[in-house]
Structures are given as structure tokens and as C-alpha cells.
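> For reference, this is query.txt, and it has compact mmCIF, C-alpha atoms and all ligand atoms.
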```txt
# COMPACT_ATOMS: atom_id res chain seq x y z
CA MET A 1007 5.74 -19.64 -14.19
CA GLU A 1008 7.84 -17.02 -15.96
CA LYS A 1009 7.30 -13.33 -15.12
CA THR A 1010 9.10 -10.04 -15.56
CA ILE A 1011 9.11 -7.67 -12.59
CA ALA A 1012 10.20 -4.02 -12.75
CA VAL A 1013 12.10 -3.14 -9.58
CA LEU A 1014 12.16 0.58 -8.69
CA PRO A 1015 14.10 1.00 -5.41
CA GLY A 1016 13.80 4.81 -5.19
CA ASP A 1017 15.17 6.89 -2.32
CA GLY A 1018 16.07 6.75 1.37
CA ILE A 1019 15.38 3.29 2.80
CA GLY A 1020 13.68 2.33 -0.49
CA PRO A 1021 16.77 0.48 -1.83
CA GLU A 1022 17.32 -1.37 1.48
CA VAL A 1023 13.79 -2.69 1.82
CA THR A 1024 13.52 -3.43 -1.91
CA ARG A 1025 16.72 -5.49 -1.75
CA ALA A 1026 15.06 -7.53 1.00
CA ALA A 1027 11.91 -8.10 -1.06
CA VAL A 1028 13.98 -9.10 -4.10
CA LYS A 1029 15.90 -11.70 -2.05
CA VAL A 1030 12.59 -13.16 -0.91
CA LEU A 1031 11.26 -13.28 -4.50
CA GLN A 1032 14.45 -15.02 -5.64
CA THR A 1033 14.08 -17.58 -2.86
CA ILE A 1034 10.46 -18.24 -3.83
CA ALA A 1035 11.47 -18.64 -7.48
CA MET A 1036 14.10 -21.20 -6.56
CA ARG A 1037 11.90 -23.15 -4.18
CA TYR A 1038 8.79 -23.29 -6.38
CA GLY A 1039 10.53 -23.50 -9.78
CA HIS A 1040 9.45 -20.11 -11.15
CA THR A 1041 11.51 -17.69 -13.24
CA PHE A 1042 11.29 -14.04 -12.23
CA HIS A 1043 13.20 -11.63 -14.48
CA LEU A 1044 13.98 -8.64 -12.25
CA LYS A 1045 14.62 -5.40 -14.16
CA HIS A 1046 15.89 -2.46 -12.10
CA ALA A 1047 15.05 1.13 -13.06
CA ALA A 1048 15.18 4.61 -11.50
CA ILE A 1049 12.33 6.63 -9.98
CA GLY A 1050 11.95 9.59 -7.63
CA GLY A 1051 14.87 11.67 -6.36
CA GLU A 1052 17.43 9.20 -7.69
CA ALA A 1053 15.95 9.63 -11.16
CA VAL A 1054 15.87 13.44 -10.81
CA ASP A 1055 19.61 13.36 -10.02
CA ASN A 1056 20.56 10.95 -12.81
CA TYR A 1057 18.03 11.68 -15.56
CA GLY A 1058 16.60 15.12 -14.69
CA ASN A 1059 13.13 13.51 -14.49
CA PRO A 1060 11.41 11.72 -11.56
CA LEU A 1061 9.91 9.18 -14.01
CA PRO A 1062 12.32 8.81 -16.97
CA GLN A 1063 11.23 7.34 -20.31
CA GLU A 1064 13.69 4.46 -19.74
CA THR A 1065 11.83 3.52 -16.55
CA LEU A 1066 8.43 3.63 -18.24
CA GLU A 1067 9.76 1.32 -20.95
CA VAL A 1068 11.01 -1.19 -18.38
CA CYS A 1069 7.63 -1.07 -16.59
CA ASP A 1070 5.68 -1.33 -19.84
CA ALA A 1071 7.56 -4.54 -20.63
CA SER A 1072 6.91 -6.02 -17.17
CA ASP A 1073 4.08 -7.99 -15.56
CA ALA A 1074 4.19 -6.04 -12.28
CA ILE A 1075 6.14 -3.29 -10.52
CA LEU A 1076 7.88 -3.48 -7.15
CA LEU A 1077 8.58 -0.05 -5.68
CA GLY A 1078 10.59 1.05 -2.62
CA ALA A 1079 9.86 4.63 -1.62
CA VAL A 1080 10.49 8.07 -3.07
CA GLY A 1081 11.30 11.46 -1.62
CA GLY A 1082 13.56 13.28 0.80
CA SER A 1083 14.31 16.81 1.93
CA LYS A 1084 17.21 16.96 -0.56
CA TRP A 1085 14.66 17.63 -3.33
CA ASP A 1086 12.34 19.96 -1.36
CA GLN A 1087 13.49 23.04 -3.23
CA GLN A 1088 12.92 21.55 -6.70
CA PRO A 1089 10.11 22.89 -8.93
CA SER A 1090 7.02 20.67 -8.85
CA HIS A 1091 7.82 18.73 -12.06
CA LEU A 1092 11.16 17.70 -10.51
CA ARG A 1093 9.76 16.53 -7.17
CA PRO A 1094 10.26 12.82 -6.41
CA GLU A 1095 6.55 12.39 -5.51
CA LYS A 1096 5.66 13.50 -9.03
CA GLY A 1097 7.22 10.24 -10.27
CA LEU A 1098 4.75 8.30 -8.15
CA LEU A 1099 1.67 10.29 -9.25
CA ASN A 1100 2.75 9.97 -12.89
CA ILE A 1101 3.33 6.23 -12.79
CA ARG A 1102 -0.11 5.68 -11.19
CA LYS A 1103 -1.69 7.80 -13.91
CA HIS A 1104 0.34 6.22 -16.75
CA PHE A 1105 -0.79 2.71 -15.81
CA ASP A 1106 -4.29 3.77 -14.71
CA LEU A 1107 -3.82 2.14 -11.29
CA PHE A 1108 -7.23 3.13 -9.97
CA ALA A 1109 -7.52 0.96 -6.86
CA ASN A 1110 -5.17 1.20 -3.90
CA ILE A 1111 -5.35 -1.82 -1.63
CA ARG A 1112 -4.04 -1.82 1.92
CA PRO A 1113 -4.48 -4.82 4.17
CA VAL A 1114 -4.36 -4.03 7.88
CA LYS A 1115 -3.87 -7.09 10.01
CA ALA A 1116 -2.99 -7.28 13.68
CA ILE A 1117 0.09 -9.37 14.39
CA PRO A 1118 -0.28 -11.20 17.72
CA SER A 1119 3.36 -10.79 18.78
CA LEU A 1120 3.26 -7.02 18.09
CA LEU A 1121 0.00 -6.10 19.85
CA SER A 1122 1.89 -4.26 22.57
CA SER A 1123 3.20 -1.74 19.96
CA SER A 1124 -0.35 -0.71 19.02
CA PRO A 1125 -1.66 2.56 20.45
CA LEU A 1126 -5.01 0.77 20.90
CA LYS A 1127 -5.76 -1.47 23.86
CA GLU A 1128 -4.66 -5.02 23.10
CA ASP A 1129 -8.18 -6.43 23.30
CA VAL A 1130 -9.38 -3.85 20.73
CA ALA A 1131 -6.49 -4.39 18.30
CA ARG A 1132 -6.46 -8.18 18.59
CA ASP A 1133 -7.69 -10.09 15.51
CA VAL A 1134 -8.14 -6.94 13.40
CA ASP A 1135 -8.09 -8.10 9.79
CA MET A 1136 -9.33 -5.70 7.13
CA VAL A 1137 -8.53 -4.51 3.63
CA ILE A 1138 -9.00 -0.88 2.61
CA VAL A 1139 -9.74 -0.29 -1.07
CA ARG A 1140 -9.21 3.38 -1.94
CA GLU A 1141 -10.07 4.99 -5.28
CA LEU A 1142 -6.76 6.41 -6.46
CA THR A 1143 -7.02 8.28 -9.75
CA SER A 1144 -10.00 10.62 -9.38
CA GLY A 1145 -11.85 12.78 -6.87
CA LEU A 1146 -10.76 15.95 -5.14
CA TYR A 1147 -7.02 15.50 -5.74
CA PHE A 1148 -7.49 15.46 -9.51
CA GLY A 1149 -10.58 17.67 -9.94
CA GLU A 1150 -10.53 20.73 -12.21
CA PRO A 1151 -10.89 23.62 -11.84
CA LYS A 1152 -8.61 24.45 -8.97
CA ARG A 1153 -8.53 28.16 -8.27
CA ARG A 1154 -6.99 30.50 -5.79
CA SER A 1155 -7.37 34.21 -5.11
CA ASP A 1156 -6.69 36.28 -2.04
CA LYS A 1157 -10.26 35.88 -0.84
CA SER A 1158 -11.13 32.33 -1.85
CA ALA A 1159 -9.90 28.97 -3.09
CA VAL A 1160 -11.62 26.19 -5.06
CA ASP A 1161 -11.05 22.47 -5.42
CA THR A 1162 -13.45 20.39 -7.46
CA LEU A 1163 -14.78 16.96 -6.51
CA VAL A 1164 -15.99 14.94 -9.51
CA TYR A 1165 -16.72 11.22 -9.86
CA THR A 1166 -18.15 9.45 -12.87
CA ARG A 1167 -20.31 6.35 -12.58
CA GLU A 1168 -17.64 4.34 -14.39
CA GLU A 1169 -14.87 5.41 -12.00
CA ILE A 1170 -16.97 4.31 -9.04
CA GLU A 1171 -18.08 1.05 -10.63
CA ARG A 1172 -14.60 -0.28 -11.33
CA VAL A 1173 -13.25 0.32 -7.83
CA VAL A 1174 -16.43 -1.00 -6.19
CA ASN A 1175 -16.18 -4.16 -8.32
CA GLN A 1176 -12.62 -4.67 -7.06
CA ALA A 1177 -13.84 -4.43 -3.48
CA PHE A 1178 -16.58 -7.01 -4.09
CA GLU A 1179 -14.09 -9.38 -5.73
CA ILE A 1180 -11.71 -9.05 -2.78
CA ALA A 1181 -14.55 -9.57 -0.29
CA ARG A 1182 -15.35 -12.86 -2.05
CA THR A 1183 -11.91 -14.19 -1.13
CA ARG A 1184 -12.38 -13.11 2.50
CA ARG A 1185 -15.24 -12.91 5.02
CA GLY A 1186 -17.71 -11.60 2.44
CA LYS A 1187 -18.53 -8.16 3.85
CA VAL A 1188 -18.09 -4.75 2.18
CA THR A 1189 -18.37 -1.47 4.08
CA SER A 1190 -18.78 1.43 1.66
CA ILE A 1191 -17.76 4.72 3.25
CA ASP A 1192 -19.11 8.06 2.03
CA LYS A 1193 -20.69 11.32 3.13
CA ALA A 1194 -24.01 10.77 1.37
CA ASN A 1195 -25.91 13.04 3.75
CA VAL A 1196 -24.18 16.11 2.23
CA LEU A 1197 -22.16 15.29 -0.91
CA GLU A 1198 -23.63 14.64 -4.37
CA THR A 1199 -20.61 12.50 -5.34
CA SER A 1200 -21.32 10.37 -2.27
CA LYS A 1201 -24.99 9.98 -3.24
CA LEU A 1202 -23.89 8.70 -6.64
CA TRP A 1203 -21.29 6.49 -4.94
CA ARG A 1204 -23.97 4.93 -2.74
CA GLU A 1205 -26.30 4.41 -5.72
CA VAL A 1206 -23.57 2.61 -7.67
CA VAL A 1207 -22.74 0.35 -4.71
CA GLU A 1208 -26.44 -0.56 -4.43
CA GLU A 1209 -26.51 -1.41 -8.16
CA ARG A 1210 -23.29 -3.41 -8.20
CA LYS A 1211 -24.31 -5.43 -5.17
CA GLN A 1212 -27.02 -7.11 -7.29
CA ALA A 1213 -24.19 -8.95 -9.05
CA TYR A 1214 -22.77 -10.11 -5.70
CA PRO A 1215 -25.68 -11.61 -3.75
CA ASP A 1216 -23.20 -13.54 -1.60
CA ILE A 1217 -21.67 -10.32 -0.21
CA GLU A 1218 -23.04 -8.42 2.79
CA VAL A 1219 -23.02 -4.65 2.14
CA GLU A 1220 -23.19 -1.83 4.64
CA HIS A 1221 -22.96 1.94 4.11
CA MET A 1222 -21.24 4.11 6.67
CA LEU A 1223 -20.66 7.84 6.91
CA VAL A 1224 -16.99 8.79 6.97
CA ASP A 1225 -17.15 10.53 10.36
CA SER A 1226 -18.68 7.49 11.97
CA ALA A 1227 -16.16 5.22 10.20
CA ALA A 1228 -13.25 7.28 11.56
CA MET A 1229 -14.57 6.60 15.05
CA LYS A 1230 -15.31 2.89 14.55
CA LEU A 1231 -11.80 2.27 13.20
CA ILE A 1232 -10.53 3.12 16.67
CA THR A 1233 -13.34 1.83 18.89
CA ASN A 1234 -14.27 -1.36 17.05
CA PRO A 1235 -11.89 -2.08 14.13
CA ARG A 1236 -12.81 -5.77 14.09
CA THR A 1237 -16.21 -4.99 12.49
CA PHE A 1238 -14.49 -4.26 9.16
CA ASP A 1239 -13.67 -6.80 6.48
CA VAL A 1240 -13.36 -4.88 3.19
CA ILE A 1241 -13.70 -1.08 3.17
CA VAL A 1242 -14.24 0.72 -0.13
CA THR A 1243 -14.12 4.49 -0.37
CA GLU A 1244 -13.22 7.48 -2.53
CA ASN A 1245 -9.75 9.00 -2.83
CA MET A 1246 -9.54 11.56 -0.01
CA PHE A 1247 -11.55 9.59 2.55
CA GLY A 1248 -9.38 6.58 1.74
CA ASP A 1249 -6.19 8.59 2.12
CA ILE A 1250 -7.16 9.72 5.60
CA LEU A 1251 -8.75 6.48 6.83
CA SER A 1252 -5.92 4.26 5.60
CA ASP A 1253 -3.35 6.31 7.52
CA GLU A 1254 -5.58 6.13 10.57
CA ALA A 1255 -5.93 2.37 10.20
CA SER A 1256 -2.19 1.90 9.65
CA VAL A 1257 -1.37 2.72 13.26
CA ILE A 1258 -3.51 -0.15 14.57
CA THR A 1259 -0.76 -2.67 13.84
CA GLY A 1260 1.90 -0.69 15.67
CA SER A 1261 4.40 0.18 12.94
CA LEU A 1262 4.25 1.82 9.57
CA GLY A 1263 7.15 -0.43 8.58
CA MET A 1264 4.96 -3.55 8.65
CA LEU A 1265 2.37 -2.59 6.06
CA PRO A 1266 2.22 -3.54 2.38
CA SER A 1267 0.11 -2.00 -0.36
CA ALA A 1268 -0.91 -2.56 -3.95
CA SER A 1269 -2.13 -0.17 -6.63
CA ILE A 1270 -3.89 -2.16 -9.30
CA ARG A 1271 -6.16 -2.10 -12.32
CA SER A 1272 -8.68 -4.69 -13.49
CA ASP A 1273 -6.40 -6.81 -15.72
CA GLY A 1274 -4.13 -7.91 -12.86
CA PHE A 1275 -1.28 -5.50 -13.55
CA GLY A 1276 -0.20 -3.67 -10.41
CA MET A 1277 2.41 -1.73 -8.52
CA TYR A 1278 3.39 -2.99 -5.08
CA GLU A 1279 5.05 -0.88 -2.40
CA PRO A 1280 5.33 -0.60 1.38
CA VAL A 1281 3.02 1.99 2.97
CA HIS A 1282 5.92 3.83 4.62
CA GLY A 1283 7.92 6.62 2.99
CA SER A 1284 11.64 7.00 2.39
CA ALA A 1285 12.49 7.60 6.10
CA PRO A 1286 15.69 9.55 5.36
CA ASP A 1287 16.49 9.70 9.10
CA ILE A 1288 17.38 5.98 9.19
CA ALA A 1289 18.47 5.44 5.56
CA GLY A 1290 21.77 3.64 5.09
CA HIS A 1291 21.92 2.38 8.68
CA ASN A 1292 20.73 -1.17 8.03
CA LYS A 1293 17.87 -0.76 10.47
CA ALA A 1294 14.79 -0.25 8.29
CA ASN A 1295 11.93 -2.68 8.83
CA PRO A 1296 11.76 -4.69 5.57
CA CYS A 1297 8.39 -6.36 6.35
CA GLY A 1298 6.21 -3.84 4.45
CA ALA A 1299 8.28 -4.36 1.30
CA ILE A 1300 8.48 -8.15 1.71
CA LEU A 1301 4.72 -8.41 2.28
CA SER A 1302 4.17 -6.18 -0.77
CA ALA A 1303 6.07 -8.76 -2.84
CA ALA A 1304 3.70 -11.39 -1.41
CA MET A 1305 0.71 -9.27 -2.51
CA MET A 1306 2.21 -9.15 -6.01
CA LEU A 1307 2.43 -12.93 -6.18
CA LYS A 1308 -1.19 -13.23 -5.06
CA HIS A 1309 -2.92 -10.41 -6.97
CA SER A 1310 -0.91 -10.16 -10.19
CA PHE A 1311 0.31 -13.75 -10.64
CA GLY A 1312 -2.29 -15.83 -8.76
CA LEU A 1313 0.45 -17.57 -6.73
CA HIS A 1314 -1.50 -18.02 -3.50
CA SER A 1315 0.59 -20.67 -1.72
CA GLU A 1316 3.79 -18.78 -2.46
CA ALA A 1317 2.29 -15.58 -1.02
CA MET A 1318 1.11 -17.43 2.06
CA ALA A 1319 4.56 -18.97 2.54
CA ILE A 1320 6.07 -15.48 2.65
CA GLU A 1321 3.47 -14.20 5.14
CA GLU A 1322 4.02 -17.20 7.37
CA ALA A 1323 7.81 -16.84 7.23
CA VAL A 1324 7.62 -13.18 8.31
CA LEU A 1325 5.20 -14.00 11.15
CA SER A 1326 7.33 -16.85 12.29
CA VAL A 1327 10.50 -14.71 12.54
CA LEU A 1328 8.54 -12.10 14.53
CA ASN A 1329 7.11 -14.82 16.76
CA ASP A 1330 10.63 -16.09 17.39
CA GLY A 1331 11.22 -12.69 18.98
CA TYR A 1332 13.28 -10.96 16.28
CA CYS A 1333 12.43 -7.47 15.07
CA THR A 1334 13.87 -4.22 13.73
CA GLY A 1335 14.29 -1.09 15.87
CA ASP A 1336 10.88 0.39 15.10
CA LEU A 1337 9.24 -2.55 16.94
CA SER A 1338 11.51 -2.66 19.95
CA ALA A 1339 8.66 -2.61 22.50
CA GLY A 1340 7.89 -5.83 24.33
CA GLY A 1341 11.26 -7.44 25.09
CA LYS A 1342 12.10 -8.39 21.54
CA ARG A 1343 15.58 -8.82 20.12
CA VAL A 1344 16.39 -5.94 17.75
CA VAL A 1345 18.45 -7.07 14.75
CA PRO A 1346 19.73 -5.24 11.63
CA THR A 1347 17.63 -5.32 8.44
CA GLU A 1348 19.94 -7.84 6.78
CA THR A 1349 19.85 -10.25 9.73
CA PHE A 1350 16.06 -10.10 9.80
CA VAL A 1351 15.92 -10.85 6.06
CA THR A 1352 18.32 -13.78 6.42
CA LYS A 1353 16.00 -15.24 9.07
CA VAL A 1354 13.00 -14.87 6.75
CA ILE A 1355 14.93 -16.59 3.94
CA GLU A 1356 15.95 -19.44 6.28
CA GLU A 1357 12.31 -19.81 7.28
CA LEU A 1358 11.31 -20.06 3.60
P1 LIG B 1401 6.79 10.37 3.10
O1 LIG B 1401 6.59 11.83 2.95
O2 LIG B 1401 7.74 9.79 2.11
O3 LIG B 1401 5.54 9.59 3.29
P2 LIG B 1401 7.11 10.55 5.92
O4 LIG B 1401 8.12 11.44 6.56
O5 LIG B 1401 5.69 10.90 5.92
O6 LIG B 1401 7.62 10.22 4.45
P3 LIG B 1401 8.04 7.95 6.49
O7 LIG B 1401 9.28 8.24 5.76
O8 LIG B 1401 7.19 6.86 5.98
O9 LIG B 1401 7.15 9.20 6.64
O10 LIG B 1401 8.38 7.58 7.98
C1 LIG B 1401 8.20 8.37 9.13
C2 LIG B 1401 9.14 7.81 10.18
O11 LIG B 1401 8.76 6.49 10.53
C3 LIG B 1401 10.55 7.70 9.62
O12 LIG B 1401 11.25 8.86 9.80
C4 LIG B 1401 11.11 6.51 10.35
O13 LIG B 1401 11.71 6.91 11.55
C5 LIG B 1401 9.90 5.64 10.62
N1 LIG B 1401 9.80 4.57 9.62
C6 LIG B 1401 9.11 4.58 8.46
N2 LIG B 1401 9.26 3.45 7.77
C7 LIG B 1401 10.08 2.68 8.50
C8 LIG B 1401 10.62 1.36 8.33
N3 LIG B 1401 10.39 0.61 7.24
N4 LIG B 1401 11.43 0.89 9.30
C9 LIG B 1401 11.70 1.61 10.39
N5 LIG B 1401 11.22 2.84 10.62
C10 LIG B 1401 10.42 3.39 9.69
MG MG B 1402 3.95 10.15 4.70
```
Kindly transcribe the structure held in the file into C-alpha cells.


Amino acid sequence: MEKTIAVLPGDGIGPEVTRAAVKVLQTIAMRYGHTFHLKHAAIGGEAVDNYGNPLPQETLEVCDASDAILLGAVGGSKWDQQPSHLRPEKGLLNIRKHFDLFANIRPVKAIPSLLSSSPLKEDVARDVDMVIVRELTSGLYFGEPKRRSDKSAVDTLVYTREEIERVVNQAFEIARTRRGKVTSIDKANVLETSKLWREVVEERKQAYPDIEVEHMLVDSAAMKLITNPRTFDVIVTENMFGDILSDEASVITGSLGMLPSASIRSDGFGMYEPVHGSAPDIAGHNKANPCGAILSAAMMLKHSFGLHSEAMAIEEAVLSVLNDGYCTGDLSAGGKRVVPTETFVTKVIEEL
């Protein structure tokens, strides 16, 4: 298979963890006889410094000519004083909008050898295996009008039927490849957008008779994520609820550094990035956990290219290195051997 991948390392630990993911992709290419053309481009603070724009035209052209995007992380206090169009995060919002990446997918899976780093009791966190599908390009964060006076402020929450349908379809498709259950999370007892959301889920489920569907109110879901996270297989929810619940769910596995994510649209194109941010406090010290980025590359192979065995090989290699007792500093609990980023990556490559 021949594919072109845009590589956008970004800021802070972004370049370090992206380098790790690229090495893994190159190893997979060699071992399975694929050709991956890796095209580097600038985004975020790095792009503000070098191009005066957090998402330069040059970068968009590289991405437009690619089959998928691998992203590190953007941001850092260095750019805090910049006007909003020159903030690193703006690059991220703009690239999502440019490519219409409407579904954000975050798998949350407990890793047996890391259970002691979870804030939950081990017997609650054990065997957690869920995927959160969050609507990413509409809802409260994008609604107009927004208004502010001394005495009041307004944000607007709007969803169209079509916006709900496409993200709900994604969730059903993902559930088909897993345990076949979708939990749709809303606040249908008070919000009109949630009533429409629930209606659309009920309609779409007719096309997926093999999938079990349950509706849950967001407050109850927030509680169940902590008390009984194993009940979830695929969660689908709107933008703000998904933002909050996916951060809540991310702590179950113990470290932010472990978690991958994908932002996709229906034709298979997607952007893949670790859940963590640029972590400027540890940047340049060769101690960032590269697993989130490496597992994001695995998600790319699976979702965008349909390379399932290759993706599984990467997941198994990462698990195996962790099981052998190696980890980065963020996972130091539980008598493990802390190694630098590059040593950890070398072990993953050897495993592959
Ligand atoms: P952002 O605003 O970009 O999301 P943030 O400050 O909210 O950034 P992160 O940068 O993701 O959060 O990380 C918070 C802290 O968690 C970091 O300062 C770092 O100490 C730790 N951390 C995050 N990612 C990693 C990683 N991959 N490896 C090790 N530690 C990490
Ligand atoms: Mg953050």
C-alpha cells in the first residue's frame, strides 16, 4: 500500500512524541512492505514564529495532498500574549474546520500493568474498554450569536439533523466492529437539541438492528463513568458533553500520555493526535510518554487505511514493552523501570 501522511509535530513535547510515532510507522512500512511518504509541515506556535500564522497555507497544501494527518501537540505559555488569530490553538480549530473533521474518537482502555496508576480502585478500572465519539464541529462552541454585556452573556446551542446523523452513524459503525452497544448521552429532559439528538438516534438505529442502543442523561453518565465504567462500549455525544466526559474518562487509565485520538470524517480521511497537550514543563528532556502518539499512528492505520493487523501489531508491541516493566516517568508508580522516551521507543521497535 502506498500512502502520503502529513506530519505536523507542533510545540513542546509534540516533536518528541511525533518522532516516536514516525519511527514506528517506518518500521511497519518496512516489515509489511508498504510505502508511507511522510511530509513534515508546521502548525501551532512553531508556525506562528516561522510563518506568522498558526496554520500556514503551505501546511494546508501538504495536508490537502495527503491521505491522513499525524499531529503532535500545539501551544505553550510563550504565545499566551498573542492576539487570538495568532494563538497556537487556533491552528487546531482551523484545521478541524478546514477538513470538516466532525467526529472525535477517543478509545479508553485499561492496561493491566498500569492499573495501579488509576485513581479508581483496581477492580473498577480493570477491563474498561470503551470508545467515546464526540461531535466536534458544531454545538455550543460554534453557535452564533455569542453576546456579552455587563449584565448578561449569551452562547447559542444549535444542532441540525444532518450534523447529528453523521456522527451517530460513525458511532454505530464503530460499535459494529466492537461489542455492539451504543450509549447516546444527552440532556433530553431539558434541552431541545438533546430531544432532537435522541430522536435522530432512534431513527438511525433502524438501520442497525444488530446494535443495542441505550440513552443516558449526561449527569448520570458522569457518575457511571467513575462507578461502573465497564458498562460502556461506544459512547456518542454532542460537543461540550463529549469534551467534559472524555477528559473525565481519560484519567481511568492512569496517564494522559497513554491515550490516542482521531478526528475523522465519513470518507476515511482523518487527523490523529495524542490526547495530551504540549506539556512544556517536560519538553526537550527526553522523558515524554510516546504511547499516545504511537497509538494514534495505529488508529490511523486502522481507520484511514484499513490496515488492521498492522495496527494490532503496534498495540501489542506497546503493551508488551509495558508488561516487561518499562515505562516513562509519568507512569512510575508500581515498581516499574523508568526509561527515557528514546529507549522506550527503541524497545517498541525491537518488539515490532
Ligand atoms: P494543553 O492546554 O495543551 O491541553 P495542558 O497543560 O492542559 O496542555 P498537557 O500539556 O497535556 O496539559 O499536560 C499536563 C501535564 O501532564 C504536563 O505538564 C505533563 O507534566 C503531563 N503530561 C502530559 N502529557 C505527557 C506525556 N506524553 N508524557 C509525560 N507527561 C505528560
Ligand atoms: Mg489540556

> Go through A:Val1242, A:Ile1217, A:Leu1031, A:Leu1358 and flag the residue nearest Val1174 in chain A, using only C-alpha atoms for the distances.

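For Val1174 in chain A, the nearest of the given residues is A:Val1242.
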
> If we count all atoms listed in the file, what is near range 1307-1317 of chain A at a cut-off of 7 Å, once residues fewer than 6 positions away on the same chain are taken out, given as a PDB file with C-alpha atoms, in the frame of the given file?


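Saved to selection-v9.pdb:
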```pdb
ATOM      1  CA  ILE A1034      10.460 -18.240  -3.830  1.00  0.00           C
ATOM      2  CA  ALA A1074       4.190  -6.040 -12.280  1.00  0.00           C
ATOM      3  CA  GLY A1274      -4.130  -7.910 -12.860  1.00  0.00           C
ATOM      4  CA  PHE A1275      -1.280  -5.500 -13.550  1.00  0.00           C
ATOM      5  CA  GLY A1276      -0.200  -3.670 -10.410  1.00  0.00           C
TER       6      GLY A1276
END
```

> Name the residues, by chain letter and number, that sit within 10 Å of ligand MG 1402 (chain B) using only C-alpha atoms and all ligand atoms, and give them as a list in words.

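Here is the list of contacting residues: Gly1081, Asp1253, Leu1262, Val1281, His1282, Gly1283, Ser1284 and Ala1285 of chain A.
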
> So how many Å separate CA of Arg1112 in chain A and CA of Ala1268 in chain A, to one decimal?

6.7 Å

> With distances taken over all atoms listed in the file, which residue among A:Ala1159, A:Ala1255, A:Leu1107, A:Ala1228 lies nearest Ala1131 in chain A?

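Closest residue, counting all atoms listed in the file: A:Ala1255.
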
> How would you write, as a PyMOL selection string, the set of residues no farther than 10 Å from ligand LIG 1401 (chain B) when counting all atoms listed in the file?

chain A and resi 1017-1020+1022-1023+1078-1083+1094-1095+1261-1265+1280-1289+1292-1299+1334-1337+1347

> I'd like to know which of A:Ile1232, A:Ile1117, A:Met1277, A:Met1305 is closest to Asp1135 in chain A, using all atoms listed in the file.

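Smallest separation from Asp1135 in chain A among the options: A:Ile1117.
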
> Looking at A:Ile1138, A:Leu1146, A:Ala1047, A:Ile1170, which one is nearest to Leu1202 in chain A, with distances taken over all atoms listed in the file?

A:Ile1170
